[in-house]
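Just model_24.cif here, mmCIF, C-alpha atoms:
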data_final
loop_
_atom_site.label_atom_id
_atom_site.label_comp_id
_atom_site.auth_asym_id
_atom_site.auth_seq_id
_atom_site.Cartn_x
_atom_site.Cartn_y
_atom_site.Cartn_z
CA MET A 39 103.44 64.49 137.89
CA ARG A 40 101.25 61.49 137.40
CA LEU A 41 98.85 61.23 140.29
CA ALA A 42 96.43 58.38 139.77
CA ALA A 43 95.84 54.99 138.22
CA ILE A 44 93.15 55.08 135.58
CA ALA A 45 92.85 53.67 132.08
CA VAL A 46 91.03 55.61 129.42
CA THR A 47 90.65 54.84 125.75
CA VAL A 48 90.51 57.66 123.23
CA LYS A 49 89.72 57.44 119.55
CA PRO A 50 92.69 57.56 117.22
CA LEU A 51 93.29 60.58 115.08
CA THR A 52 94.61 58.88 111.98
CA SER A 53 92.06 56.45 110.66
CA PRO A 54 89.02 54.55 111.91
CA THR A 55 90.88 51.25 111.54
CA THR A 56 93.79 52.25 113.76
CA PRO A 57 93.92 50.50 117.15
CA LYS A 58 92.43 52.53 119.98
CA LEU A 59 94.72 54.27 122.42
CA THR A 60 94.56 53.22 126.02
CA HIS A 61 96.05 55.81 128.34
CA PHE A 62 97.62 54.66 131.56
CA SER A 63 97.98 56.96 134.53
CA VAL A 64 100.49 55.57 136.93
CA PRO A 65 101.85 56.79 140.26
CA THR A 66 105.63 56.72 140.60
CA THR A 67 106.77 53.22 139.65
CA ILE A 68 103.64 51.06 139.50
CA ASN A 69 103.37 48.90 136.40
CA PRO A 70 99.98 49.66 134.83
CA LEU A 71 99.77 46.15 133.41
CA LYS A 72 99.83 44.61 136.87
CA LEU A 73 97.28 46.78 138.61
CA ASN A 74 94.75 44.79 140.65
CA ASN A 75 97.02 41.74 140.33
CA ILE A 76 96.10 41.01 136.75
CA GLU A 77 98.35 40.72 133.75
CA THR A 78 95.81 41.96 131.21
CA PRO A 79 93.71 44.76 132.69
CA GLU A 80 90.04 45.34 132.04
CA PHE A 81 90.19 48.82 130.60
CA SER A 82 87.56 51.40 131.40
CA ARG A 83 86.54 53.05 128.19
CA THR A 84 85.93 56.76 127.84
CA PRO A 85 86.16 57.32 124.09
CA LEU A 86 86.43 60.74 122.57
CA LYS A 87 82.98 61.75 121.43
CA GLN A 88 84.05 63.02 118.04
CA GLY A 89 86.44 61.08 115.83
CA LEU A 90 88.69 63.63 114.22
CA LEU A 91 89.78 62.49 110.80
CA PHE A 92 91.89 64.62 108.52
CA THR A 93 89.66 65.74 105.65
CA HIS A 94 90.96 66.97 102.33
CA SER A 95 89.84 70.55 103.03
CA SER A 96 91.52 70.68 106.45
CA SER A 97 94.72 69.20 105.00
CA VAL A 98 94.86 71.88 102.31
CA LYS A 99 94.18 74.54 104.92
CA LEU A 100 96.97 73.24 107.16
CA ALA A 101 99.53 72.97 104.35
CA LYS A 102 98.91 76.55 103.22
CA ASN A 103 98.75 78.10 106.69
CA TRP A 104 100.94 75.83 108.80
CA LYS A 105 102.85 78.72 110.37
CA GLU A 106 99.61 80.13 111.75
CA TYR A 107 98.82 76.79 113.34
CA GLN A 108 102.34 76.69 114.77
CA GLY A 109 101.73 80.05 116.44
CA ILE A 110 103.40 82.64 114.20
CA ASN A 111 100.55 85.03 115.08
CA LYS A 112 100.08 83.68 118.60
CA TRP A 113 97.08 81.63 117.44
CA GLU A 114 95.03 84.80 117.10
CA GLY A 115 91.46 83.97 116.10
CA LEU A 116 92.03 80.22 116.41
CA LEU A 117 91.45 79.55 120.11
CA ASP A 118 87.99 80.96 120.86
CA PRO A 119 86.15 79.38 119.17
CA LEU A 120 88.66 76.57 118.74
CA ASP A 121 89.54 76.08 115.10
CA ASP A 122 88.93 72.47 114.03
CA THR A 123 92.26 72.18 112.22
CA LEU A 124 94.09 73.44 115.30
CA ARG A 125 92.08 71.01 117.42
CA SER A 126 93.25 68.13 115.21
CA GLU A 127 96.86 69.28 115.49
CA ILE A 128 96.72 69.58 119.29
CA LEU A 129 95.27 66.09 119.58
CA ARG A 130 97.84 64.73 117.12
CA TYR A 131 100.69 66.05 119.23
CA GLY A 132 98.95 64.65 122.29
CA GLN A 133 99.38 61.22 120.70
CA PHE A 134 103.14 61.67 120.66
CA VAL A 135 103.05 62.32 124.42
CA GLU A 136 100.86 59.25 124.78
CA ALA A 137 103.54 57.24 123.01
CA ALA A 138 106.15 58.48 125.51
CA TYR A 139 104.06 57.20 128.41
CA ARG A 140 103.28 53.87 126.78
CA SER A 141 106.92 53.26 125.91
CA PHE A 142 108.23 53.81 129.44
CA ASP A 143 108.80 50.76 131.65
CA PHE A 144 107.12 51.52 134.98
CA ASP A 145 107.77 48.06 136.50
CA PRO A 146 110.39 48.36 139.28
CA SER A 147 111.03 44.60 139.14
CA SER A 148 111.82 44.72 135.44
CA PRO A 149 115.46 44.68 134.26
CA THR A 150 114.50 47.54 131.93
CA PHE A 151 112.83 49.66 134.60
CA ALA A 152 112.92 53.40 133.78
CA MET A 153 114.01 52.61 130.23
CA CYS A 154 112.18 52.53 126.91
CA LYS A 155 110.40 49.22 126.39
CA PHE A 156 110.60 49.34 122.61
CA PRO A 157 113.40 49.60 120.06
CA LYS A 158 113.79 53.10 118.67
CA ASN A 159 112.86 52.09 115.12
CA SER A 160 109.52 50.62 116.20
CA LEU A 161 108.72 52.90 119.15
CA LEU A 162 105.82 54.73 117.53
CA THR A 163 104.19 51.67 116.01
CA ARG A 164 104.58 49.46 119.09
CA SER A 165 103.17 52.15 121.35
CA CYS A 166 99.91 51.70 119.41
CA ILE A 167 99.29 55.29 118.42
CA GLY A 168 98.70 54.33 114.80
CA GLU A 169 100.42 55.39 111.60
CA THR A 170 102.04 58.79 112.09
CA GLY A 171 104.46 59.18 109.18
CA TYR A 172 107.19 59.95 111.74
CA LYS A 173 110.23 57.93 112.71
CA ALA A 174 111.92 58.13 116.12
CA THR A 175 115.54 59.16 115.70
CA LYS A 176 116.78 59.73 119.25
CA ASN A 177 115.99 58.42 122.72
CA LEU A 178 116.21 61.05 125.47
CA ARG A 179 117.13 60.57 129.13
CA ALA A 180 116.88 62.91 132.11
CA THR A 181 119.18 62.77 135.11
CA CYS A 182 118.41 63.84 138.65
CA GLY A 183 121.00 66.25 140.05
CA ILE A 184 120.18 65.64 143.72
CA GLN A 185 123.12 64.29 145.74
CA LEU A 186 121.82 61.24 147.58
CA PRO A 187 123.24 59.89 150.85
CA ARG A 188 125.23 56.68 150.48
CA TRP A 189 122.85 54.67 152.61
CA ILE A 190 120.15 55.05 149.96
CA ASP A 191 121.97 52.37 147.95
CA ARG A 192 120.91 49.81 150.55
CA GLY A 193 117.27 50.24 149.53
CA PRO A 194 115.52 49.03 146.38
CA SER A 195 117.32 50.06 143.20
CA TRP A 196 114.23 51.81 141.82
CA VAL A 197 114.35 54.30 144.69
CA SER A 198 117.76 55.63 143.64
CA THR A 199 117.41 55.42 139.85
CA GLN A 200 119.22 58.58 138.83
CA SER A 201 118.77 58.59 135.05
CA SER A 202 115.65 57.50 133.22
CA TRP A 203 114.16 57.53 129.73
CA ILE A 204 112.11 60.72 129.43
CA GLY A 205 111.09 60.88 125.77
CA TYR A 206 112.28 60.90 122.18
CA VAL A 207 112.84 62.88 119.01
CA ALA A 208 110.89 61.89 115.89
CA VAL A 209 111.18 63.25 112.35
CA CYS A 210 108.42 63.18 109.76
CA GLN A 211 109.60 60.95 106.91
CA ASP A 212 106.39 60.20 105.01
CA LYS A 213 106.08 62.24 101.81
CA GLU A 214 102.30 62.40 101.95
CA GLU A 215 102.36 63.57 105.57
CA ILE A 216 105.01 66.19 104.76
CA ALA A 217 102.77 67.45 101.95
CA ARG A 218 99.74 67.51 104.28
CA LEU A 219 101.67 69.44 106.94
CA GLY A 220 103.25 71.83 104.43
CA ARG A 221 106.72 71.20 105.85
CA ARG A 222 108.88 68.52 107.47
CA ASP A 223 108.03 68.47 111.17
CA VAL A 224 110.33 67.36 113.98
CA VAL A 225 108.68 66.35 117.25
CA ILE A 226 110.35 66.24 120.65
CA SER A 227 108.06 64.52 123.14
CA PHE A 228 108.40 64.26 126.93
CA ARG A 229 106.45 62.18 129.45
CA GLY A 230 105.54 63.35 132.95
CA THR A 231 106.97 62.41 136.34
CA ALA A 232 107.53 58.68 136.85
CA THR A 233 110.41 58.01 139.27
CA CYS A 234 111.03 58.82 142.92
CA LEU A 235 113.92 61.17 142.21
CA GLU A 236 111.90 63.03 139.59
CA TRP A 237 109.30 63.65 142.28
CA LEU A 238 112.02 65.02 144.56
CA GLU A 239 113.18 67.37 141.80
CA ASN A 240 109.60 68.57 141.34
CA LEU A 241 109.54 69.65 144.98
CA ARG A 242 112.53 71.98 144.53
CA ALA A 243 110.21 74.88 143.81
CA THR A 244 112.51 77.85 144.40
CA LEU A 245 113.71 79.80 141.37
CA THR A 246 117.32 79.67 140.25
CA SER A 247 119.18 81.70 137.63
CA LEU A 248 119.67 80.21 134.20
CA PRO A 249 123.31 79.25 133.58
CA ASP A 250 125.14 81.20 130.91
CA ASP A 251 125.03 78.37 128.38
CA VAL A 252 121.21 78.32 128.61
CA ALA A 253 120.49 82.05 129.04
CA ASN A 254 122.06 83.12 125.78
CA VAL A 255 119.53 85.82 124.90
CA GLY A 256 120.23 89.39 125.93
CA PRO A 257 122.50 90.53 128.76
CA LYS A 258 123.52 88.14 131.49
CA SER A 259 121.93 90.46 134.03
CA SER A 260 118.49 89.85 132.53
CA GLY A 261 117.41 88.11 135.74
CA ALA A 262 115.78 85.11 134.03
CA MET A 263 115.12 82.38 136.58
CA VAL A 264 113.45 78.97 136.40
CA GLU A 265 112.34 76.26 138.82
CA SER A 266 115.39 74.59 140.37
CA GLY A 267 114.23 71.01 139.97
CA PHE A 268 113.20 71.35 136.33
CA LEU A 269 116.53 72.97 135.44
CA SER A 270 118.39 70.23 137.30
CA LEU A 271 116.63 67.49 135.32
CA TYR A 272 117.37 69.31 132.07
CA THR A 273 121.05 70.10 132.65
CA SER A 274 122.35 67.32 134.93
CA GLY A 275 124.39 64.44 133.58
CA THR A 276 126.76 61.72 134.72
CA SER A 277 129.98 60.20 133.44
CA THR A 278 127.95 57.54 131.64
CA CYS A 279 124.84 59.53 130.68
CA PRO A 280 124.99 62.97 129.09
CA SER A 281 122.49 65.60 130.15
CA LEU A 282 119.09 65.93 128.50
CA GLN A 283 120.24 69.35 127.33
CA ASN A 284 123.24 67.89 125.48
CA MET A 285 121.11 65.14 123.94
CA VAL A 286 118.57 67.63 122.64
CA ARG A 287 121.24 69.95 121.26
CA GLU A 288 123.10 67.12 119.56
CA GLU A 289 120.00 65.76 117.82
CA VAL A 290 118.65 69.18 116.84
CA GLY A 291 122.04 70.05 115.35
CA ARG A 292 122.03 66.81 113.35
CA VAL A 293 118.48 67.40 112.10
CA LEU A 294 119.24 70.98 111.06
CA GLU A 295 122.32 69.84 109.16
CA MET A 296 120.33 67.17 107.35
CA TYR A 297 117.08 69.04 106.62
CA GLY A 298 117.93 72.70 107.13
CA ASP A 299 117.51 73.58 103.45
CA GLU A 300 113.78 72.69 103.35
CA PRO A 301 110.68 73.98 105.17
CA LEU A 302 111.08 72.72 108.71
CA SER A 303 109.42 73.08 112.11
CA LEU A 304 110.33 71.95 115.61
CA THR A 305 107.35 71.04 117.78
CA ILE A 306 108.09 70.22 121.40
CA THR A 307 105.30 68.66 123.38
CA GLY A 308 104.85 67.19 126.84
CA HIS A 309 102.52 66.62 129.75
CA SER A 310 103.06 67.76 133.35
CA LEU A 311 106.82 67.60 134.06
CA GLY A 312 107.22 66.98 130.33
CA ALA A 313 105.52 70.30 129.62
CA ALA A 314 108.07 72.10 131.82
CA LEU A 315 110.98 70.33 130.10
CA ALA A 316 109.48 71.19 126.71
CA THR A 317 109.52 74.88 127.63
CA LEU A 318 113.15 74.72 128.77
CA ALA A 319 114.17 72.80 125.65
CA ALA A 320 112.46 75.31 123.36
CA HIS A 321 114.18 78.23 125.07
CA ASP A 322 117.52 76.41 124.89
CA ILE A 323 117.18 75.63 121.17
CA ASN A 324 116.19 79.17 120.20
CA SER A 325 118.95 80.61 122.36
CA ASN A 326 121.76 78.45 120.98
CA PHE A 327 120.90 77.77 117.33
CA GLY A 328 121.03 80.86 115.18
CA ASN A 329 119.61 78.89 112.25
CA ALA A 330 116.79 77.29 114.25
CA PRO A 331 113.49 76.93 112.38
CA MET A 332 110.19 77.87 113.96
CA VAL A 333 110.04 76.36 117.46
CA THR A 334 106.62 75.68 118.97
CA VAL A 335 105.63 74.19 122.32
CA ILE A 336 102.30 72.39 122.75
CA SER A 337 102.02 71.62 126.46
CA PHE A 338 99.38 69.73 128.42
CA GLY A 339 98.81 70.34 132.12
CA GLY A 340 102.17 71.94 132.70
CA PRO A 341 103.32 73.60 135.94
CA ARG A 342 104.82 77.07 136.00
CA VAL A 343 108.44 77.15 134.89
CA GLY A 344 110.05 80.54 135.44
CA ASN A 345 109.74 84.18 136.40
CA GLN A 346 108.67 87.20 134.39
CA ASN A 347 112.17 87.79 133.02
CA PHE A 348 112.22 84.23 131.75
CA ARG A 349 108.92 84.87 129.99
CA CYS A 350 110.42 87.98 128.39
CA GLN A 351 113.39 85.95 127.13
CA LEU A 352 111.05 83.39 125.60
CA GLU A 353 109.16 86.12 123.77
CA LYS A 354 112.35 87.80 122.53
CA SER A 355 113.70 84.50 121.23
CA GLY A 356 110.55 83.94 119.18
CA THR A 357 109.49 80.79 121.00
CA LYS A 358 105.79 80.04 120.44
CA ILE A 359 104.03 78.34 123.35
CA LEU A 360 100.48 77.08 123.52
CA ARG A 361 99.55 75.89 127.02
CA ILE A 362 96.49 73.67 127.30
CA VAL A 363 95.22 74.22 130.84
CA ASN A 364 92.42 72.57 132.78
CA SER A 365 91.03 75.08 135.29
CA ASP A 366 90.41 72.21 137.70
CA ASP A 367 93.99 70.90 137.50
CA LEU A 368 96.01 71.94 140.56
CA ILE A 369 99.33 71.18 138.86
CA THR A 370 98.87 74.16 136.54
CA LYS A 371 98.65 76.45 139.58
CA VAL A 372 102.04 75.50 141.04
CA PRO A 373 104.82 76.05 141.91
CA GLY A 374 104.90 79.40 143.66
CA PHE A 375 102.43 82.13 142.83
CA VAL A 376 101.95 84.92 140.31
CA ILE A 377 102.38 88.60 141.16
CA ASP A 378 101.40 90.10 137.80
CA ASN A 379 99.73 87.94 135.20
CA ASN A 380 98.16 90.55 132.94
CA ASP A 381 99.49 89.02 129.72
CA VAL A 382 97.60 85.75 129.99
CA ALA A 383 93.95 84.88 129.75
CA ASP A 384 93.55 83.67 133.32
CA LYS A 385 92.55 86.72 135.33
CA LYS A 386 91.61 84.49 138.27
CA ALA A 387 95.21 83.49 138.95
CA VAL A 388 96.73 84.60 142.22
CA ASN A 389 97.39 88.28 141.63
CA VAL A 390 98.79 90.56 144.29
CA ALA A 391 99.88 93.40 142.04
CA GLY A 392 98.07 95.87 144.30
CA LEU A 393 100.57 95.38 147.13
CA SER A 394 102.95 98.17 148.04
CA ARG A 395 106.33 98.11 146.31
CA TRP A 396 108.08 97.26 149.58
CA VAL A 397 105.86 94.25 150.23
CA GLN A 398 106.06 93.17 146.61
CA LYS A 399 109.86 93.32 146.73
CA ARG A 400 109.88 91.13 149.86
CA VAL A 401 107.60 88.66 148.09
CA GLU A 402 109.86 88.54 145.05
CA ASP A 403 112.87 87.89 147.29
CA THR A 404 111.33 84.58 148.32
CA GLN A 405 112.21 83.27 144.82
CA LEU A 406 108.74 81.79 144.51
CA VAL A 407 107.21 84.39 142.18
CA TYR A 408 106.46 82.86 138.78
CA ALA A 409 104.91 84.03 135.52
CA ASP A 410 102.79 82.03 133.09
CA VAL A 411 104.19 81.91 129.56
CA GLY A 412 102.84 81.87 126.03
CA GLN A 413 99.21 81.64 124.95
CA GLU A 414 96.63 79.70 126.89
CA LEU A 415 93.77 77.44 125.88
CA ARG A 416 91.75 77.19 129.08
CA LEU A 417 89.39 74.27 129.51
CA SER A 418 87.41 72.88 132.44
CA SER A 419 86.53 69.37 133.53
CA LYS A 420 83.35 70.74 135.08
CA GLU A 421 82.02 71.55 131.62
CA CYS A 422 82.37 67.95 130.44
CA PRO A 423 79.37 65.81 131.51
CA HIS A 424 81.29 62.59 132.17
CA LEU A 425 84.38 64.29 133.67
CA SER A 426 82.67 66.80 135.94
CA LYS A 427 82.60 64.39 138.89
CA GLY A 428 86.24 63.40 138.58
CA GLY A 429 88.69 64.13 141.36
CA VAL A 430 91.94 66.06 141.54
CA ALA A 431 93.93 63.25 139.93
CA THR A 432 91.51 62.83 137.04
CA SER A 433 91.73 66.53 136.26
CA HIS A 434 95.45 66.18 135.61
CA GLU A 435 95.33 63.12 133.38
CA LEU A 436 96.53 63.43 129.79
CA SER A 437 93.43 61.51 128.70
CA THR A 438 91.29 64.17 130.38
CA TYR A 439 93.08 66.89 128.45
CA LEU A 440 92.59 65.09 125.14
CA GLU A 441 88.91 64.59 125.91
CA LEU A 442 88.48 68.28 126.78
CA VAL A 443 90.30 69.51 123.68
CA ASN A 444 88.22 67.20 121.52
CA GLY A 445 84.96 68.51 122.99
CA PHE A 446 85.76 72.20 123.48
CA VAL A 447 83.85 74.64 121.27
CA SER A 448 84.30 78.13 122.73
CA SER A 449 84.23 80.03 126.01
CA ASN A 450 80.49 80.62 125.46
CA CYS A 451 79.87 76.96 124.67
CA PRO A 452 82.61 75.07 126.53
CA PHE A 453 81.80 71.53 125.45
CA ARG A 454 80.16 69.88 122.44
CA ALA A 455 77.77 67.85 124.59
CA THR A 456 76.34 71.08 126.03
CA ALA A 457 76.21 72.96 122.73
CA ARG A 458 72.57 72.19 121.93
CA ARG A 459 71.44 73.18 125.42
CA VAL A 460 73.44 76.45 125.40
CA LEU A 461 72.34 77.40 121.90
CA GLY A 462 68.73 76.63 122.81
CA LYS A 463 68.99 78.93 125.83
CA HIS A 464 70.45 81.74 123.71
CA GLN A 465 67.65 81.32 121.17
CA ARG A 466 64.98 81.50 123.88
CA GLU A 467 66.59 84.63 125.36
CA LYS A 468 66.69 86.24 121.91
CA LEU A 469 63.01 85.48 121.30
CA ALA A 470 62.09 86.81 124.74
CA SER A 471 63.78 90.11 124.02
CA LEU A 472 61.73 90.71 120.84
#
Take the structure in this file and express it as structure tokens.
Amino acid sequence: MRLAAIAVTVKPLTSPTTPKLTHFSVPTTINPLKLNNIETPEFSRTPLKQGLLFTHSSSVKLAKNWKEYQGINKWEGLLDPLDDTLRSEILRYGQFVEAAYRSFDFDPSSPTFAMCKFPKNSLLTRSCIGETGYKATKNLRATCGIQLPRWIDRGPSWVSTQSSWIGYVAVCQDKEEIARLGRRDVVISFRGTATCLEWLENLRATLTSLPDDVANVGPKSSGAMVESGFLSLYTSGTSTCPSLQNMVREEVGRVLEMYGDEPLSLTITGHSLGAALATLAAHDINSNFGNAPMVTVISFGGPRVGNQNFRCQLEKSGTKILRIVNSDDLITKVPGFVIDNNDVADKKAVNVAGLSRWVQKRVEDTQLVYADVGQELRLSSKECPHLSKGGVATSHELSTYLELVNGFVSSNCPFRATARRVLGKHQREKLASL
């Protein structure tokens, strides 16, 4: 769900000498390098205000308490105010999503359109996210399950591209990074919507039951349902391209066989559509691998994925989900609506729990009643001085999310740039009360 064309540069998280990231936001199939009819764009620069380098103290803290930062205690006491080590980790995983976007070929005239532009072995370095200590081990593709009419083949090939590169799996291989993290980490990263057929899948907003091979937790009558289009992209395949589900399972099985006897974590991250696929993948892994390590989702600007029963299945399976949400991002408020959202921080979500049971039952029968999942870190573009005037598209950008995470302090002091003003106000109020 990429809605606008904007280039933003954010400071790297690894070292001050690492090349700066430049985040492209591209609608459907426009090549960001050819916007405005130029081969080398003039990038607008909106750097993160605080360069987050990994200090020795934060590294020791992470290594000793990595399970807490992966959500073993639902990030209790770490979100408000936002713990600096957790902030660094969120931004680090945001880089892996950035790499997924930068590696995707958006150019419909390119022979590699909808594929990965870089070889797997050099994906992370060539996507300019700096030295990570990780190595990509598997390319992932998603396939649209919509049956297209035959006449669609007469149009441009990019219109009917059924399967496309959606992300990758990367395993931490650097000994120093493994020591800093306190375990070997495996990242699965997904980009957001990029092709026409992916947009069509996004519009299939009605809920559908999880198939038996996905809903493997609890009784089959559990009633867990997810968005039809997201499930289609996760489970559909062709004779020449296996489903994203099969690719994920195959690679996770290989990784567990190779590294299962050492401390291990699976971190699945994504933006927009990628956030939804990350949630489905996490549920699938925990449901089908009895020996799965700790599985954590770090999602940016994700839409709703499933109903309340699906949320219950996620919780029973032990899946840890941290949703980073921009209050001004419309994508996080769709699809459908929420009937009862008491378990999440957003009390302003659409809530019609006061309706009579008969009316509520009729509403649920529409198969458009969703439930937010996991824990929520709620941010707001309006609290950021140089993002407050941005439009709907800007609010959804991954670069906006990284900027907001980098600047967020707490719910009482939403952004670093406003900290001095807010603290000054509190001090004046305190003096006035004496």
Would you tabulate, counting only C-alpha atoms, all residues of region 284-318 of chain A that have an atom at most 6 Å from an atom of region 220-239 of chain A, showing the closest pair of atoms and their distance in Å to one decimal, sorted by chain then ascending number, as a tab-separated table?
residue	atom	partner	partner_atom	distance
A:Pro301	CA	A:Arg221	CA	4.9
A:Leu302	CA	A:Arg222	CA	4.9
A:Ser303	CA	A:Asp223	CA	4.9
A:Leu304	CA	A:Val224	CA	4.9
A:Thr305	CA	A:Val225	CA	4.9
A:Ile306	CA	A:Ile226	CA	4.6
A:Thr307	CA	A:Ser227	CA	5.0
A:Gly308	CA	A:Phe228	CA	4.6
A:His309	CA	A:Gly230	CA	5.5
A:Ser310	CA	A:Gly230	CA	5.1
A:Leu311	CA	A:Gly230	CA	4.6
A:Gly312	CA	A:Phe228	CA	4.5
Notebook entry, point to check: In file coordinates, which residues lie within 8 Å of (95.8, 78.2, 121.2) using all atoms listed in the file, given as JSON, numbers by chain?
Noted result: {"A": [109, 112, 113, 114, 116, 117, 120, 124, 360, 361, 362, 413, 414, 415]}
Check: Skipping near chain neighbours, those fewer than 5 positions away, what residues fall within 9 Å of region 196-213 of chain A using only C-alpha atoms, listed as JSON, numbers by chain?
Finding: {"A": [67, 135, 137, 138, 139, 141, 142, 143, 146, 147, 151, 152, 153, 154, 158, 162, 170, 171, 172, 173, 174, 175, 176, 177, 178, 179, 180, 181, 182, 183, 184, 186, 190, 191, 218, 222, 223, 224, 225, 226, 227, 228, 229, 230, 231, 232, 233, 234, 235, 236, 275, 276, 279, 282, 286, 289, 290, 293, 308, 312]}
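Shortest atom-to-atom contact with Thr438 (chain A) among A:Asn364, A:Thr370, A:Gln346, A:Gln133: A:Asn364, counting only C-alpha atoms.
As for CA of Tyr439 (chain A) and CA of Thr244 (chain A), they are spaced 27.4 Å apart.
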Next item on the list: Find the spatial neighbours of Ala409 (chain A), counting all atoms listed in the file, within a cut-off of 7 Å - ignore same-chain residues fewer than 3 positions away - and output them as a ChimeraX atom specification.
Entry: /A:342,344-346,349,376,379
Limited to C-alpha atoms, could you put the picked residues into a file as a PDB file, in the frame of the given file?
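Once written, selection-v7.pdb looks like this:
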ATOM      1  CA  ARG A 342     104.820  77.070 136.000  1.00  0.00           C
ATOM      2  CA  GLY A 344     110.050  80.540 135.440  1.00  0.00           C
ATOM      3  CA  ASN A 345     109.740  84.180 136.400  1.00  0.00           C
ATOM      4  CA  GLN A 346     108.670  87.200 134.390  1.00  0.00           C
ATOM      5  CA  ARG A 349     108.920  84.870 129.990  1.00  0.00           C
ATOM      6  CA  VAL A 376     101.950  84.920 140.310  1.00  0.00           C
ATOM      7  CA  ASN A 379      99.730  87.940 135.200  1.00  0.00           C
TER       8      ASN A 379
END
Next item on the list: Let me know the residues the PyMOL selection byres ((chain A and resi 448) around 9) catches in the file above, as a PyMOL selection string.
Entry: chain A and resi 117-120+446-447+449-453
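Those residues positioned at most 6 Å from (90.2, 74.8, 130.0) are Val363, Asn364, Ser365, Arg416, Leu417 and Ser418 of chain A, judged using all atoms listed in the file.
Candidate residues A:Ser433, A:Gln283, A:Asn103, A:Ser96 were compared for distance to Lys420 (chain A), and the nearest is A:Ser433, using all atoms listed in the file.
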Item checked: Test item: the PyMOL selection byres ((chain A and resi 407) around 6) resolved as an MDAnalysis selection string -> chainID A and resid 374:376 402 405:406 408
Notebook entry, point to check: Could you work out how far CA of Lys427 (chain A) lies from CA of Leu442 (chain A), giving the answer in Å with one decimal?
Noted result: 14.0 Å
